[in-house]
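**Q** Sharing a structure below in structure tokens format, with a few things to ask.
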Amino acid sequence: MPAARPRAVAGERRLTFDRLPPREEGAALAGTPWGEAWLTALTERALDPARLARGRRYAEGGRVDAITVTPGLVIAYVHGSRPRPYRAQVRVRTLDDDEWEAFLDAVAERPGHIAALLDRQLPEALLEGGVGSPLLPRRGDLLPFCGCPDTGRPCKHAAALCYQTARLLDADPFALLLLRGRSEQEILDALTRRNAAHAARAAAEARAARDRDPAVPQGVRATKALSRAASGLPPLPALLPPPAHPGHPPAFPAAPGGPDPYALDQLATHAAARAHALLTTGEDPVGGLTLWQDAVRVAAARPGSGLTAATRTLYSSLAAAAGRTPVDLARAVAAWRQGGPAGLDVLEGDPWDPPAGRFDRARPLLMAAGLAPFRPWRNRLTHPVGHAQLRLGQDNLWYAYESEPDADDWWPRGTADPDPVAALTALGPGLDPAELPPEPPHH
């Protein structure tokens with residue numbers, strides 16, 4: 001992997017990179033094919049390995065100042081044993097116009113090459129001589145010079161500059177392209193013009209093919225197709241059948257300082273499921289949700305029930321965006337998992353008076369199951385000790401809640417059920433009426 005790109009000040013055909021820090025112990029001298037080729041060209045030309053070794057130590061010690069790259073030239077000041085630094089430079093042959101045209105044609109032929117350049121990568125197919133002329137320097141391509149009295153080629157100062165330049169090329173291959181004669185903007189502008197010309201040629205060829213073959217359907221201008229006076233137009237093609245299930249999003253790699261891959265995967269999965277529902281039913285399953293409801297939905301979709309470090313971070317950010325606390329969100333998530341939007345309404349909605357019928361039949365059903373007589377209030381039935389509660393939702397389902405005895409801190413438990421006894425099964429043991437105080441007499 002190339003190193004992080006050093007900060008550069010860019011001119012029209014000039015890049016000045018900040019002074020690179022000392023190289024970390026054990027780090028490779030170059031991490032890309034183009035960086036390695038640069039060092040190979042340096043070592044093959046060198047006449048004195050000892051000078052190279054000293055230059056490498058200078059580079060590793062951070063003795064090379066800011067590096068300026070222009071077409072055919074790399075320049076920097078290098079600090080040696082004397083107080084005053086020496087001006088070192090390396091010259092490289094630039095490509096002529098024909099060689100650049102061959103290179104740009106090779107890049108434009110494959111969209112993957114353009115994408116790689118934008119990602120500051122050089123595909124191997126572009127590095128060698130198959131595109132007209134090799135980008136990588138070869139033996140004899142690097143011509144080092146220095147203002148020091150050493151007559152070696154290269155001296156240790158010029159060698160240090162070469163080693164640091166390899167690190168720059170690792171991080172930004174456009175520096176290599178600039179050395180060969182073209183700036184980043186010139187290359188991107190030339191590729192844009194080639195893409196436009198290619199699209200124009202493709203459109204002309206398509207028109208010519210339609211003219212030669214009457215069987216090829218003719219196009220219709222959008223203004224004509226959408227006008228009220230349009231008539232005699234062919235029918236629209238049949239719609240493709242919808243897929244059986246939402247598509248799977250691509251894998252998102254982790255990157256230092258980048259977004260959480262799991263969060264990206266979760267958002268992409270939600271978007272795919274929402275798009276599939278719209279396509280198959282014409283209805284948006286989450287379009288009517290409030291900000292708070294959608295925050296609860298997103299949090300509830302995260303698997304597991306434990307609050308891991310990643311989950312706590314997610315809960316904190318979602319709760320802050322909705323103006324609530326993480327505890328509010330955790331309680332709401334339990335309600336959402338219990339019954340979706342209806343479960344959240346049961347948690348946060350006001351108590352209400354249900355009509356006679358299902359609510360009145362619940363207490364006899366509970367007593368027939370050997371449970372204590374729950375105390376009714378509005379749409380709620382509460383255990384005499386106060387640690388279990390049933391709430392009847394507007395959907396006529398029963399929702400179980402649990403709290404510490406003698407506390408008013410109710411948390412949803414289990415799954416909503418039309419049977420009040422079945423809804424209580426999520427609370428487990430501990431509802432034995434023998435352990436409860438007698439119910440006070442009713443007057």
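Labels used: A, B, ... for chains in the order of the structure tokens, numbers from 1 for residues in each chain, and numbers from 1 for ligands as shown.
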Any idea what's packed within 7 Å of stretch 244-261 of chain A, counting only C-alpha atoms, ignoring anything in its chain fewer than 6 positions away? Could you give it as a PyMOL selection string?
**A** chain A and resi 268-269+272-273+276
**Q** What's around stretch 387-390 of chain A at 12 Å? Count only C-alpha atoms, leave out sequence neighbours fewer than 6 positions away in its own chain, and write the answer as an mmCIF file with C-alpha atoms, in the first residue's frame.
**A**
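The new file out-v9.cif reads:
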```cif
data_model
loop_
_atom_site.group_PDB
_atom_site.id
_atom_site.type_symbol
_atom_site.label_atom_id
_atom_site.label_comp_id
_atom_site.auth_asym_id
_atom_site.auth_seq_id
_atom_site.Cartn_x
_atom_site.Cartn_y
_atom_site.Cartn_z
ATOM 1 C CA VAL A 346 -47.443 1.605 23.251
ATOM 2 C CA LEU A 347 -44.276 2.683 25.045
ATOM 3 C CA PHE A 359 -59.451 -5.959 27.980
ATOM 4 C CA ALA A 362 -57.758 -10.579 30.109
ATOM 5 C CA ARG A 363 -57.925 -10.724 33.920
ATOM 6 C CA LEU A 366 -54.602 -14.599 33.730
ATOM 7 C CA LEU A 371 -51.427 -15.936 37.976
ATOM 8 C CA ALA A 372 -52.176 -13.256 40.497
ATOM 9 C CA PRO A 373 -55.073 -10.908 39.853
ATOM 10 C CA PHE A 374 -53.516 -8.043 37.864
ATOM 11 C CA ARG A 375 -54.717 -4.555 38.747
ATOM 12 C CA PRO A 376 -56.378 -2.687 35.875
ATOM 13 C CA TRP A 377 -55.849 0.986 35.013
ATOM 14 C CA ARG A 378 -56.779 2.452 31.679
ATOM 15 C CA ASN A 379 -55.210 0.097 29.041
ATOM 16 C CA ARG A 380 -52.803 -1.460 31.527
ATOM 17 C CA LEU A 381 -52.848 -4.506 33.823
ATOM 18 C CA ASN A 396 -55.448 -5.220 20.094
ATOM 19 C CA LEU A 397 -52.179 -6.948 20.976
ATOM 20 C CA TRP A 398 -50.796 -7.310 24.473
ATOM 21 C CA TYR A 399 -47.328 -5.968 25.250
ATOM 22 C CA ALA A 400 -45.413 -7.198 28.302
ATOM 23 C CA TYR A 401 -43.322 -4.826 30.418
ATOM 24 C CA GLU A 402 -41.045 -5.420 33.379
ATOM 25 C CA SER A 403 -39.697 -3.229 36.181
ATOM 26 C CA GLU A 404 -37.944 -3.602 39.488
ATOM 27 C CA PRO A 405 -40.493 -4.080 42.299
ATOM 28 C CA ASP A 406 -41.843 -0.823 43.671
ATOM 29 C CA ALA A 407 -40.166 1.117 40.845
ATOM 30 C CA ASP A 408 -41.737 2.933 37.929
ATOM 31 C CA ASP A 409 -39.080 2.048 35.343
ATOM 32 C CA TRP A 410 -40.862 -0.087 32.770
ATOM 33 C CA TRP A 411 -38.988 -1.848 29.949
ATOM 34 C CA PRO A 412 -40.624 -3.790 27.091
ATOM 35 C CA ARG A 413 -39.993 -7.514 27.104
ATOM 36 C CA GLY A 414 -40.746 -10.281 24.621
ATOM 37 C CA THR A 415 -43.089 -10.086 21.640
ATOM 38 C CA ALA A 416 -46.602 -8.701 21.341
ATOM 39 C CA ASP A 417 -49.310 -11.349 21.385
ATOM 40 C CA PRO A 418 -53.142 -11.392 21.216
ATOM 41 C CA ASP A 419 -53.120 -13.724 24.253
ATOM 42 C CA PRO A 420 -52.171 -11.910 27.503
ATOM 43 C CA VAL A 421 -50.846 -15.133 29.060
ATOM 44 C CA ALA A 422 -48.594 -15.824 26.061
ATOM 45 C CA ALA A 423 -47.305 -12.244 26.151
ATOM 46 C CA LEU A 424 -46.140 -12.765 29.744
ATOM 47 C CA THR A 425 -44.030 -15.819 28.917
ATOM 48 C CA ALA A 426 -41.115 -13.508 28.020
ATOM 49 C CA LEU A 427 -40.876 -12.499 31.692
ATOM 50 C CA GLY A 428 -40.041 -16.054 32.761
ATOM 51 C CA PRO A 429 -40.665 -17.387 36.299
ATOM 52 C CA GLY A 430 -41.445 -15.208 39.246
ATOM 53 C CA LEU A 431 -45.175 -14.681 38.742
ATOM 54 C CA ASP A 432 -46.283 -17.432 41.185
ATOM 55 C CA LEU A 436 -47.593 -12.512 46.345
#
```
**Q** I need the residue nearest A:Cys162 from this list: A:Phe145, A:Phe17, A:Trp336, A:Trp100. Use only C-alpha atoms for the distance.
**A** A:Phe145
**Q** Please compute the atom CA of A:Leu52-atom CA of A:Ala159 distance, one decimal, in Å.
**A**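 These two atoms are separated by 5.8 Å.
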**Q** With only C-alpha atoms as the basis for distance, which of A:Arg167, A:Arg51, A:Arg93, A:Arg63 is at the shortest distance from A:Leu39?
**A** A:Arg167
**Q** Which residue gives the smallest distance to A:Pro341 among A:Leu392, A:Ala209, A:Leu289, A:Ala322, with only C-alpha atoms counted?
**A** A:Leu289
**Q** Within 12 Å of stretch 197-207 of chain A, which residues of stretch 103-186 of chain A show up? Give each one with its shortest atom-to-atom distance in Å (one decimal) and the two atoms involved, counting only C-alpha atoms, rows by chain then rising residue number, as CSV.
**A**
```
residue,atom,partner,partner_atom,distance
A:Asp105,CA,A:His198,CA,10.8
A:Ala108,CA,A:His198,CA,9.0
A:Glu109,CA,A:His198,CA,9.4
A:Arg110,CA,A:His198,CA,11.8
```
**Q** Go through A:Gly152, A:Pro21, A:Gly31, A:Pro49 one by one, measure the shortest atom-to-atom distance of each to A:Asp65 using only C-alpha atoms, and give the residue with the smallest value.
**A** A:Pro21
